[in-house]
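So this block is entry.cif, mmCIF, C-alpha atoms and all ligand atoms:
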data_run
#
loop_
_atom_site.label_atom_id
_atom_site.label_comp_id
_atom_site.auth_asym_id
_atom_site.auth_seq_id
_atom_site.Cartn_x
_atom_site.Cartn_y
_atom_site.Cartn_z
CA MET A 1 -12.92 -56.72 1.36
CA LYS A 2 -16.46 -57.88 2.00
CA TYR A 3 -16.27 -56.72 5.60
CA ILE A 4 -15.28 -53.20 4.59
CA PHE A 5 -18.07 -53.11 2.02
CA TYR A 6 -20.70 -54.02 4.60
CA SER A 7 -19.46 -51.66 7.25
CA LEU A 8 -19.51 -48.81 4.73
CA ILE A 9 -23.15 -49.56 3.98
CA VAL A 10 -23.99 -49.51 7.68
CA LEU A 11 -22.10 -46.25 8.19
CA LEU A 12 -23.94 -44.55 5.32
CA PHE A 13 -27.22 -45.84 6.65
CA VAL A 14 -26.58 -44.59 10.16
CA SER A 15 -25.34 -41.18 9.12
CA GLY A 16 -28.20 -40.90 6.63
CA CYS A 17 -30.72 -41.35 9.39
CA SER A 18 -29.35 -38.80 11.79
CA ASP A 19 -27.62 -36.10 9.78
CA ASP A 20 -28.69 -36.01 6.15
CA PRO A 21 -27.22 -32.88 4.46
CA VAL A 22 -29.94 -30.42 3.53
CA GLY A 23 -29.54 -27.56 1.05
CA PRO A 24 -26.29 -26.37 -0.48
CA ALA A 25 -23.09 -26.93 1.50
CA PRO A 26 -21.55 -23.85 3.12
CA VAL A 27 -18.44 -22.47 1.42
CA ILE A 28 -15.75 -20.82 3.57
CA GLU A 29 -13.80 -18.28 1.54
CA ALA A 30 -11.95 -16.42 4.27
CA VAL A 31 -11.39 -16.49 8.02
CA ALA A 32 -9.76 -13.75 10.05
CA PRO A 33 -7.95 -13.67 12.34
CA LEU A 34 -6.43 -17.12 12.02
CA ASN A 35 -5.15 -17.16 15.57
CA GLY A 36 -6.44 -16.03 18.94
CA ASN A 37 -7.15 -17.11 22.50
CA ALA A 38 -10.47 -18.15 24.05
CA GLY A 39 -13.03 -15.45 23.45
CA THR A 40 -11.40 -14.02 20.32
CA SER A 41 -14.00 -12.96 17.79
CA VAL A 42 -13.42 -14.60 14.40
CA THR A 43 -15.06 -13.54 11.14
CA LEU A 44 -15.94 -16.17 8.54
CA ALA A 45 -16.91 -15.06 5.05
CA GLY A 46 -18.30 -17.27 2.31
CA LYS A 47 -21.73 -18.41 1.20
CA ASN A 48 -24.68 -20.64 2.04
CA PHE A 49 -24.43 -19.89 5.75
CA THR A 50 -27.67 -20.34 7.70
CA SER A 51 -28.95 -19.34 11.12
CA SER A 52 -28.32 -22.90 12.28
CA SER A 53 -24.65 -22.87 11.17
CA VAL A 54 -22.22 -23.60 13.99
CA VAL A 55 -18.48 -22.95 13.93
CA LEU A 56 -16.17 -25.54 15.49
CA PHE A 57 -12.58 -24.95 16.53
CA ASN A 58 -10.83 -28.29 16.17
CA GLY A 59 -14.14 -29.97 16.95
CA VAL A 60 -15.19 -27.74 19.87
CA LYS A 61 -18.28 -25.60 19.27
CA GLY A 62 -17.80 -21.87 19.49
CA THR A 63 -20.59 -19.36 20.12
CA THR A 64 -21.73 -18.51 16.61
CA HIS A 65 -23.54 -15.38 15.50
CA PHE A 66 -25.33 -15.49 12.15
CA ARG A 67 -25.01 -12.16 10.36
CA SER A 68 -26.01 -13.16 6.82
CA ASP A 69 -25.76 -16.10 4.42
CA LYS A 70 -22.28 -14.73 3.64
CA LEU A 71 -21.04 -13.81 7.11
CA LEU A 72 -20.66 -15.53 10.48
CA ILE A 73 -18.93 -14.31 13.63
CA ALA A 74 -17.73 -16.95 16.09
CA ASN A 75 -15.88 -16.81 19.39
CA VAL A 76 -13.05 -19.17 20.18
CA PRO A 77 -14.42 -21.47 22.91
CA ALA A 78 -12.60 -22.24 26.14
CA GLY A 79 -10.84 -25.57 25.88
CA ALA A 80 -10.33 -25.41 22.12
CA SER A 81 -7.02 -26.45 20.62
CA SER A 82 -5.29 -25.57 17.36
CA GLY A 83 -6.60 -27.34 14.29
CA ASN A 84 -9.35 -27.17 11.72
CA ILE A 85 -11.96 -24.48 11.75
CA THR A 86 -15.21 -26.04 10.61
CA ILE A 87 -18.75 -25.00 9.79
CA GLN A 88 -21.43 -27.50 10.73
CA SER A 89 -24.63 -26.63 9.01
CA SER A 90 -27.72 -28.70 8.09
CA GLY A 91 -25.75 -31.92 8.04
CA HIS A 92 -22.76 -30.45 6.22
CA HIS A 93 -19.28 -30.33 7.72
CA VAL A 94 -16.93 -28.03 5.87
CA ASP A 95 -13.33 -27.28 6.91
CA PHE A 96 -11.48 -24.10 5.96
CA ARG A 97 -8.31 -24.89 4.06
CA TYR A 98 -6.05 -23.13 6.60
CA PRO A 99 -5.87 -24.20 10.25
CA PHE A 100 -6.67 -21.97 13.21
CA GLU A 101 -4.05 -21.52 15.89
CA VAL A 102 -5.36 -21.29 19.45
CA LEU A 103 -3.12 -19.18 21.69
CA ALA A 104 -2.87 -19.34 25.48
CA THR A 105 -3.10 -15.57 25.82
CA ALA A 106 -4.34 -12.74 23.64
CA PRO A 107 -1.86 -11.85 20.89
CA THR A 108 -0.39 -8.33 20.98
CA ALA A 109 -2.08 -7.64 17.65
CA SER A 110 -5.71 -8.44 16.92
CA HIS A 111 -5.03 -9.24 13.24
CA THR A 112 -2.99 -12.20 12.02
CA PHE A 113 0.36 -11.35 10.42
CA TYR A 114 2.69 -13.57 8.45
CA LEU A 115 6.34 -12.91 7.67
CA HIS A 116 8.00 -14.24 4.51
CA SER A 117 11.13 -16.27 5.19
CA ASN A 118 13.36 -13.72 3.43
CA ASN A 119 12.33 -11.14 6.02
CA ARG A 120 11.44 -8.30 3.66
CA VAL A 121 7.69 -8.62 3.20
CA ALA A 122 4.85 -9.42 5.60
CA SER A 123 1.13 -9.90 5.16
CA MET A 124 -1.81 -8.83 7.28
CA LEU A 125 -5.06 -10.75 7.28
CA LEU A 126 -8.21 -8.63 7.33
CA PRO A 127 -11.73 -10.00 7.71
CA VAL A 128 -13.53 -9.64 4.37
CA THR A 129 -15.97 -7.06 5.72
CA GLU A 130 -13.12 -4.94 7.06
CA TYR A 131 -11.04 -5.43 3.92
CA ASN A 132 -13.86 -4.19 1.71
CA VAL A 133 -14.01 -0.94 3.66
CA PHE A 134 -10.23 -0.59 3.99
CA ASN A 135 -9.81 -1.31 0.28
CA ASP A 136 -11.70 1.85 -0.60
CA ILE A 137 -9.89 5.18 -0.54
CA SER A 138 -12.85 6.63 1.37
CA CYS A 139 -12.33 4.23 4.30
CA PRO A 140 -13.41 6.09 7.47
CA LEU A 141 -10.35 7.53 9.20
CA ASP A 142 -11.10 5.95 12.58
CA LEU A 143 -11.18 2.44 11.13
CA TYR A 144 -8.10 3.19 9.03
CA GLN A 145 -6.17 4.37 12.06
CA GLN A 146 -7.37 1.44 14.17
CA ILE A 147 -6.00 -1.00 11.58
CA LEU A 148 -2.72 0.91 11.37
CA HIS A 149 -2.47 0.89 15.16
CA ASP A 150 -2.62 -2.88 15.00
CA VAL A 151 0.34 -2.86 12.60
CA TYR A 152 2.24 -1.12 15.40
CA ASN A 153 0.97 -3.70 17.91
CA LYS A 154 2.90 -6.19 15.81
CA PHE A 155 5.89 -4.13 14.63
CA GLU A 156 8.27 -1.73 16.33
CA ASP A 157 8.22 1.94 15.36
CA ASP A 158 11.17 1.41 13.00
CA PHE A 159 9.75 2.63 9.70
CA ASP A 160 9.80 5.86 7.71
CA PHE A 161 7.38 4.43 5.16
CA LEU A 162 4.64 1.86 5.26
CA PHE A 163 3.89 0.36 1.86
CA LEU A 164 0.46 -1.25 1.88
CA ILE A 165 -0.05 -3.55 -1.07
CA HIS A 166 -3.69 -4.49 -1.44
CA ASN A 167 -4.06 -8.03 -2.73
CA ASN A 168 -6.37 -7.12 -5.63
CA GLU A 169 -6.02 -8.33 -9.19
CA THR A 170 -7.41 -5.04 -10.54
CA ARG A 171 -7.79 -1.54 -9.13
CA PRO A 172 -10.94 -1.15 -7.02
CA ASN A 173 -11.21 2.44 -8.25
CA LYS A 174 -10.08 2.63 -11.85
CA ASP A 175 -8.83 6.21 -11.46
CA ILE A 176 -6.56 5.48 -8.49
CA TYR A 177 -3.24 3.83 -9.26
CA GLY A 178 -1.67 4.57 -5.90
CA TYR A 179 -1.75 7.16 -3.14
CA ASN A 180 0.36 8.66 -0.42
CA ARG A 181 -1.05 9.64 2.96
CA TRP A 182 1.08 12.25 4.62
CA ILE A 183 1.71 11.34 8.26
CA SER A 184 4.52 13.64 9.37
CA ASN A 185 6.99 16.15 8.00
CA ALA A 186 9.98 17.63 9.79
CA VAL A 187 11.70 19.10 6.71
CA GLU A 188 11.72 22.85 6.13
CA GLY A 189 12.36 24.60 2.84
CA ILE A 190 10.27 22.37 0.61
CA GLY A 191 6.99 24.28 0.83
CA ILE A 192 5.37 21.93 3.36
CA GLN A 193 4.65 22.96 6.93
CA ARG A 194 5.95 20.82 9.77
CA PHE A 195 3.24 18.46 10.99
CA ASP A 196 3.06 15.22 12.92
CA TYR A 197 0.01 12.96 12.93
CA ALA A 198 2.11 9.82 13.50
CA GLY A 199 0.60 9.24 16.95
CA ASP A 200 -2.83 8.77 15.41
CA TYR A 201 -1.46 5.74 13.56
CA GLY A 202 0.66 4.19 16.32
CA SER A 203 4.07 5.67 15.49
CA SER A 204 5.75 8.05 17.88
CA GLY A 205 6.92 10.28 15.03
CA ARG A 206 9.15 8.30 12.72
CA LEU A 207 6.47 7.45 10.17
CA LYS A 208 6.43 9.91 7.24
CA SER A 209 4.01 8.43 4.74
CA ILE A 210 1.71 5.51 4.22
CA ILE A 211 1.83 4.57 0.57
CA THR A 212 -0.89 2.38 -0.84
CA MET A 213 -0.69 0.37 -4.03
CA PRO A 214 -4.16 -0.91 -4.90
CA THR A 215 -3.07 -3.99 -6.85
CA ARG A 216 -0.86 -6.94 -6.06
CA ASN A 217 1.62 -6.04 -8.80
CA GLY A 218 1.73 -2.40 -7.75
CA LEU A 219 5.26 -2.63 -6.40
CA VAL A 220 6.71 -3.10 -9.86
CA THR A 221 3.94 -1.87 -12.19
CA GLY A 222 2.39 0.95 -10.17
CA PRO A 223 3.45 4.57 -9.67
CA LEU A 224 5.53 3.80 -6.59
CA LEU A 225 8.38 6.24 -7.33
CA HIS A 226 5.74 8.91 -7.92
CA GLU A 227 3.95 8.22 -4.64
CA ILE A 228 7.20 8.17 -2.66
CA MET A 229 8.11 11.57 -4.16
CA HIS A 230 4.85 13.03 -2.87
CA THR A 231 6.36 12.82 0.61
CA TRP A 232 8.45 15.89 -0.36
CA ALA A 233 6.68 17.38 -3.37
CA ASN A 234 5.05 19.22 -4.92
CA SER A 235 4.20 21.97 -2.51
CA ALA A 236 7.04 24.17 -3.70
CA PHE A 237 4.92 26.30 -6.06
CA PRO A 238 1.50 26.26 -7.73
CA THR A 239 1.27 24.65 -11.14
CA GLU A 240 -0.98 24.63 -14.18
CA ASN A 241 -1.33 22.08 -16.89
CA ILE A 242 -3.11 21.96 -20.23
CA ASN A 243 -4.95 19.24 -22.05
CA ALA A 244 -3.25 19.25 -25.45
CA ALA A 245 -6.33 17.87 -27.21
CA THR A 246 -9.02 20.13 -25.77
CA GLY A 247 -6.96 23.16 -24.72
CA GLU A 248 -8.50 22.97 -21.27
CA VAL A 249 -6.23 24.53 -18.64
CA TYR A 250 -6.37 23.04 -15.16
CA ASN A 251 -4.80 23.32 -11.76
CA SER A 252 -2.04 20.71 -11.51
CA SER A 253 -1.71 21.05 -7.77
CA GLY A 254 0.74 18.63 -6.18
CA HIS A 255 2.42 17.79 -9.49
CA TRP A 256 4.79 19.65 -11.80
CA GLY A 257 2.30 20.61 -14.52
CA MET A 258 4.05 22.76 -17.11
CA SER A 259 7.32 23.00 -15.19
CA GLY A 260 10.77 22.25 -16.51
CA CYS A 261 11.85 20.30 -13.43
CA GLY A 262 10.04 17.22 -14.66
CA GLY A 263 10.58 13.86 -13.04
CA ALA A 264 8.46 11.42 -11.10
CA LEU A 265 5.69 14.00 -10.61
CA GLY A 266 5.28 14.91 -14.27
CA GLY A 267 6.46 18.14 -15.87
CA PHE A 268 8.95 18.31 -18.70
CA ALA A 269 12.72 18.26 -18.97
CA GLY A 270 13.41 21.85 -20.04
CA VAL A 271 13.06 24.52 -22.73
CA LEU A 272 14.78 23.60 -26.00
CA GLU A 273 13.91 26.71 -28.04
CA GLU A 274 12.38 30.12 -27.42
CA ASN A 275 10.48 32.38 -29.85
CA VAL A 276 9.24 29.44 -31.87
CA GLY A 277 7.94 30.83 -35.20
CA SER A 278 9.02 34.29 -33.95
CA HIS A 279 6.25 34.10 -31.38
CA PRO A 280 7.48 35.45 -28.02
CA ASP A 281 5.08 33.22 -26.03
CA LYS A 282 5.93 29.99 -27.82
CA TYR A 283 8.52 27.54 -26.47
CA ARG A 284 9.71 24.20 -27.71
CA ILE A 285 9.88 21.99 -24.64
CA ASP A 286 11.65 18.72 -24.01
CA LEU A 287 8.97 16.21 -23.13
CA ASN A 288 11.47 13.38 -22.67
CA ILE A 289 11.83 13.39 -18.93
CA ALA A 290 14.52 11.11 -17.60
CA ASN A 291 13.59 7.94 -15.78
CA GLY A 292 13.65 8.39 -12.06
CA TYR A 293 13.87 11.57 -10.03
CA SER A 294 14.79 14.96 -11.48
CA ASN A 295 17.44 17.34 -10.23
CA PHE A 296 14.91 19.45 -8.29
CA GLU A 297 13.22 16.33 -6.89
CA LEU A 298 16.57 15.04 -5.61
CA TYR A 299 17.13 18.44 -3.96
CA LEU A 300 13.73 18.37 -2.22
CA MET A 301 14.45 14.83 -0.99
CA GLY A 302 17.73 16.02 0.49
CA LEU A 303 19.88 13.90 -1.78
CA ILE A 304 21.76 16.76 -3.48
CA GLY A 305 22.77 20.20 -2.25
CA PRO A 306 21.54 23.61 -3.47
CA GLU A 307 24.79 24.24 -5.35
CA GLU A 308 23.84 21.34 -7.62
CA LEU A 309 20.45 22.82 -8.53
CA THR A 310 19.80 23.35 -12.23
CA PRO A 311 17.60 26.39 -13.02
CA PHE A 312 14.25 25.66 -14.64
CA ASP A 313 11.09 27.43 -15.84
CA VAL A 314 7.52 27.21 -14.64
CA PHE A 315 4.80 28.36 -17.05
CA TYR A 316 1.43 29.93 -16.26
CA ASP A 317 -1.40 31.47 -18.28
CA LEU A 318 -1.17 28.55 -20.65
CA VAL A 319 -2.69 28.98 -24.10
CA SER A 320 -1.96 25.81 -26.06
CA LEU A 321 0.26 22.78 -26.35
CA GLN A 322 0.77 21.46 -29.86
CA MET A 323 3.15 18.53 -29.99
CA ASP A 324 6.14 19.95 -28.15
CA VAL A 325 5.31 23.63 -28.66
CA LEU A 326 3.89 25.32 -25.60
CA GLU A 327 2.28 28.73 -25.76
CA ALA A 328 2.16 30.45 -22.38
CA LYS A 329 1.95 34.10 -21.37
CA THR A 330 3.87 33.82 -18.10
CA ARG A 331 7.28 32.25 -17.55
CA VAL A 332 8.87 32.16 -14.11
CA ARG A 333 12.52 31.26 -13.81
CA TYR A 334 13.48 29.18 -10.77
CA THR A 335 17.12 29.56 -9.85
CA ARG A 336 18.81 28.49 -6.63
CA GLU A 337 18.35 32.06 -5.34
CA LYS A 338 14.62 32.12 -6.09
CA ILE A 339 14.10 28.65 -4.63
CA GLU A 340 15.93 29.52 -1.42
CA THR A 341 14.20 32.91 -1.18
CA ASP A 342 10.70 31.57 -1.81
CA LEU A 343 10.96 28.33 0.13
CA GLY A 344 13.67 29.14 2.65
CA LEU A 345 16.76 27.04 3.14
CA ARG A 346 16.26 23.32 3.28
CA VAL A 347 16.54 22.14 6.89
CA PRO A 348 18.06 19.72 7.50
CA ALA A 349 20.60 20.72 4.87
CA TYR A 350 21.78 18.23 2.31
CA THR A 351 24.81 17.25 4.38
CA GLU A 352 22.63 16.34 7.36
CA ALA A 353 19.55 15.09 5.51
CA GLN A 354 18.34 11.54 5.90
CA LYS A 355 19.37 9.49 2.87
CA GLU A 356 18.61 6.01 4.11
CA PHE A 357 15.06 5.14 4.97
CA LYS A 358 13.37 2.06 6.29
CA GLY A 359 10.16 0.71 4.85
CA LEU A 360 7.69 -1.99 5.82
CA VAL A 361 6.05 -3.71 2.86
CA LEU A 362 2.80 -5.19 4.05
CA VAL A 363 0.42 -7.13 1.82
CA ILE A 364 -3.18 -6.60 2.90
CA THR A 365 -5.20 -9.72 2.16
CA THR A 366 -8.30 -11.65 3.21
CA ILE A 367 -6.77 -15.11 2.91
CA PRO A 368 -3.23 -16.20 3.69
CA LEU A 369 -0.88 -15.94 0.72
CA SER A 370 0.22 -19.18 -0.87
CA THR A 371 3.95 -19.86 -0.91
CA ASP A 372 4.10 -18.91 -4.60
CA GLU A 373 2.19 -15.68 -4.02
CA PHE A 374 4.35 -14.74 -1.06
CA ASN A 375 7.49 -15.51 -3.09
CA ARG A 376 6.29 -13.22 -5.88
CA PHE A 377 5.81 -10.35 -3.46
CA ASP A 378 9.23 -11.04 -2.00
CA GLN A 379 10.81 -10.89 -5.48
CA GLN A 380 9.04 -7.60 -6.20
CA VAL A 381 10.34 -6.13 -2.94
CA ASP A 382 13.82 -7.27 -3.86
CA GLN A 383 13.54 -5.67 -7.31
CA PHE A 384 12.18 -2.33 -6.16
CA PHE A 385 14.34 -1.80 -3.07
CA LYS A 386 17.60 -3.46 -4.09
CA PRO A 387 20.51 -0.98 -3.71
CA ALA A 388 21.66 -1.73 -7.25
CA ASP A 389 20.41 -1.84 -10.83
CA GLU A 390 18.35 -5.02 -10.59
CA GLY A 391 18.87 -5.77 -14.26
CA THR A 392 15.38 -5.26 -15.67
CA ALA A 393 13.60 -2.34 -17.34
CA LEU A 394 12.20 -1.40 -13.93
CA VAL A 395 13.65 1.81 -12.50
CA ASN A 396 13.94 0.98 -8.83
CA PHE A 397 14.38 3.44 -5.97
CA TRP A 398 18.15 3.22 -5.95
CA GLU A 399 18.34 3.76 -9.71
CA ALA A 400 15.81 6.61 -9.55
CA THR A 401 17.96 8.38 -6.96
CA GLN A 402 21.13 7.66 -8.95
CA GLY A 403 22.39 5.62 -6.04
CA LEU A 404 22.09 8.55 -3.62
CA GLY A 405 19.14 7.21 -1.64
CA LEU A 406 18.14 3.91 -0.15
CA ILE A 407 14.98 2.45 1.30
CA GLN A 408 15.87 -0.61 3.31
CA ALA A 409 13.05 -3.14 3.30
CA GLY A 410 14.72 -6.12 4.96
CA ASN A 411 15.36 -7.52 8.45
CA LEU A 412 11.69 -7.40 9.35
CA SER A 413 11.97 -10.11 12.00
CA GLN A 414 14.11 -7.72 14.05
CA SER A 415 11.17 -5.29 14.07
CA MET A 416 8.52 -7.82 15.03
CA LYS A 417 7.30 -7.72 18.61
CA GLU A 418 6.77 -11.46 18.95
ZN ZN B 1 0.46 12.20 -7.73
#

Reformat the file's structure so that it appears as structure tokens.
Amino acid sequence: MKYIFYSLIVLLFVSGCSDDPVGPAPVIEAVAPLNGNAGTSVTLAGKNFTSSSVVLFNGVKGTTHFRSDKLLIANVPAGASSGNITIQSSGHHVDFRYPFEVLATAPTASHTFYLHSNNRVASMLLPVTEYNVFNDISCPLDLYQQILHDVYNKFEDDFDFLFLIHNNETRPNKDIYGYNRWISNAVEGIGIQRFDYAGDYGSSGRLKSIITMPTRNGLVTGPLLHEIMHTWANSAFPTENINAATGEVYNSSGHWGMSGCGGALGGFAGVLEENVGSHPDKYRIDLNIANGYSNFELYLMGLIGPEELTPFDVFYDLVSLQMDVLEAKTRVRYTREKIETDLGLRVPAYTEAQKEFKGLVLVITTIPLSTDEFNRFDQQVDQFFKPADEGTALVNFWEATQGLGLIQAGNLSQSMKE
């Protein structure tokens, strides 16, 4: 006991002489990537970094570039092995809480990816600086595409949809609940031209949309059904909407506005009564749209045929909306004939149309997900994509399509390149 006491004193004395910590200790909040071979550039984010800070890879010094007190860039040194990543700075030694894996050769992807054990959700680690840019809807397209290319360095071109779930507690832009980037369209008769930008993102043409949910609960609380529907709609016809409180009429482009085909993209369910109060321009409308996708939405998606279309009305020259009474000067009736005349026949036709899709759910994060966090994402994926009523109030994709459509989110390990 005495011996240990004395040797501790000596140790403190010796270390105090040579390496007394000065100033606040560095704090490492995030490191990315968390694997790489010799030479790989690694970004460390945190605070209290100084120009004398040095990054060690399992004890071996890496070339360190000081960018700011919050940012260091270090290169994996030759001869390093897997283990702690450490900052040595003014007598402080601080380890990051996740280890760094040193690889013999460069990985196929420059970012670090993790796959959950249930095989239906993965995560992608972005350096904080890159994440902050990527997290914003105005992320420059070249950086956006470069990051997406790296997804395809890691995964095969097996997906119709990429679902990017940003690991934020709250929305970075309070007005944006989710968004859909159109990547390619090969369907005719829905009002959208054929186009194919998939190559710019690393897909050879299979990818249709990249759907972003800006918060970590977006899969089950965000407008995911809505964003998925944007892959096919609305480009079928122009729409107007009206602010019931102010009477302001506005272009409702991309959504259903004051249309009776209401579903995931807004609109209403139909006209209940004409000539309300003997006024020829007043209609009582059914504002109770069903959960999930409407009849016309299912048609555009290719899940029902034209013979199943229910006619509906689209209103223009809107005057007012008081409770459920709409006053509008123009009413356009959309029947199967008008839809097929205006838009052309849907190609591929319902019988040939794709009804099963494959999606990759990828959590975008700056630090690796804890087991609990990863499990929560996995449960959300299960809820939203399960081909069954999953037993909660959530309307999942299968329920929204009345069991006619399926997005398969599992078996991700089969699509991973290494
Ligand atoms: Zn929308």

| said: Could you list, as a PyMOL selection string, every residue within 7 Å of A:Gly83, counting all atoms listed in the file and ignoring same-chain residues fewer than 5 positions away? | reply: chain A and resi 57-58+99-101

Please identify the residues whose atoms come within 7 Å of ligand ZN 1 (chain B), using all atoms listed in the file, and report them as a VMD selection string. chain A and resid 226 to 227 230 254 to 255 265

- Item | Residues within 12 Å of A:Ala236, only C-alpha atoms, excluding chain neighbours under 3 positions, as a PyMOL selection string | chain A and resi 188-193+230+232-233+239+253-256+259+261+296-297+299-300+314+334+338-344+346

Excluding A:Ser123 and its own-chain neighbours fewer than 2 positions away, which residues fall within 6 Å of it when counting only C-alpha atoms? Please give them as a PyMOL selection string.
chain A and resi 113-114+362-364

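Considering the residues A:Tyr197, A:Phe237, A:Phe374, A:Tyr177 and counting all atoms listed in the file, A:Ile211 has its shortest atom-to-atom contact with A:Tyr177.
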
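Using only C-alpha atoms for every distance, the candidate list A:Thr310, A:Asn168, A:Ser184, A:Thr40 yields A:Asn168 as the residue closest to A:Arg216.
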
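Closest approach to A:Trp398 among A:Gly218, A:Tyr293, A:Val361, A:Pro368 is made by A:Tyr293 (distances from all atoms listed in the file).
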
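Picture a line from atom CA of A:Glu29 to atom CA of A:Val94; it runs 11.1 Å.
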
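Note that atom CA of A:Leu162 and atom CA of A:Leu360 are 4.9 Å apart.
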
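Each of A:Val31, A:Val319, A:Leu148, A:Leu126 was compared to A:Asp95 using all atoms listed in the file, and A:Val31 turns out to be the nearest.
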
From the list A:Lys47, A:Arg97, A:Lys61, A:Arg171, the nearest residue to A:Ser370 using all atoms listed in the file is A:Arg97

From atom CA of A:Tyr316 to atom CA of A:Asp286 the spacing works out at 17.0 Å
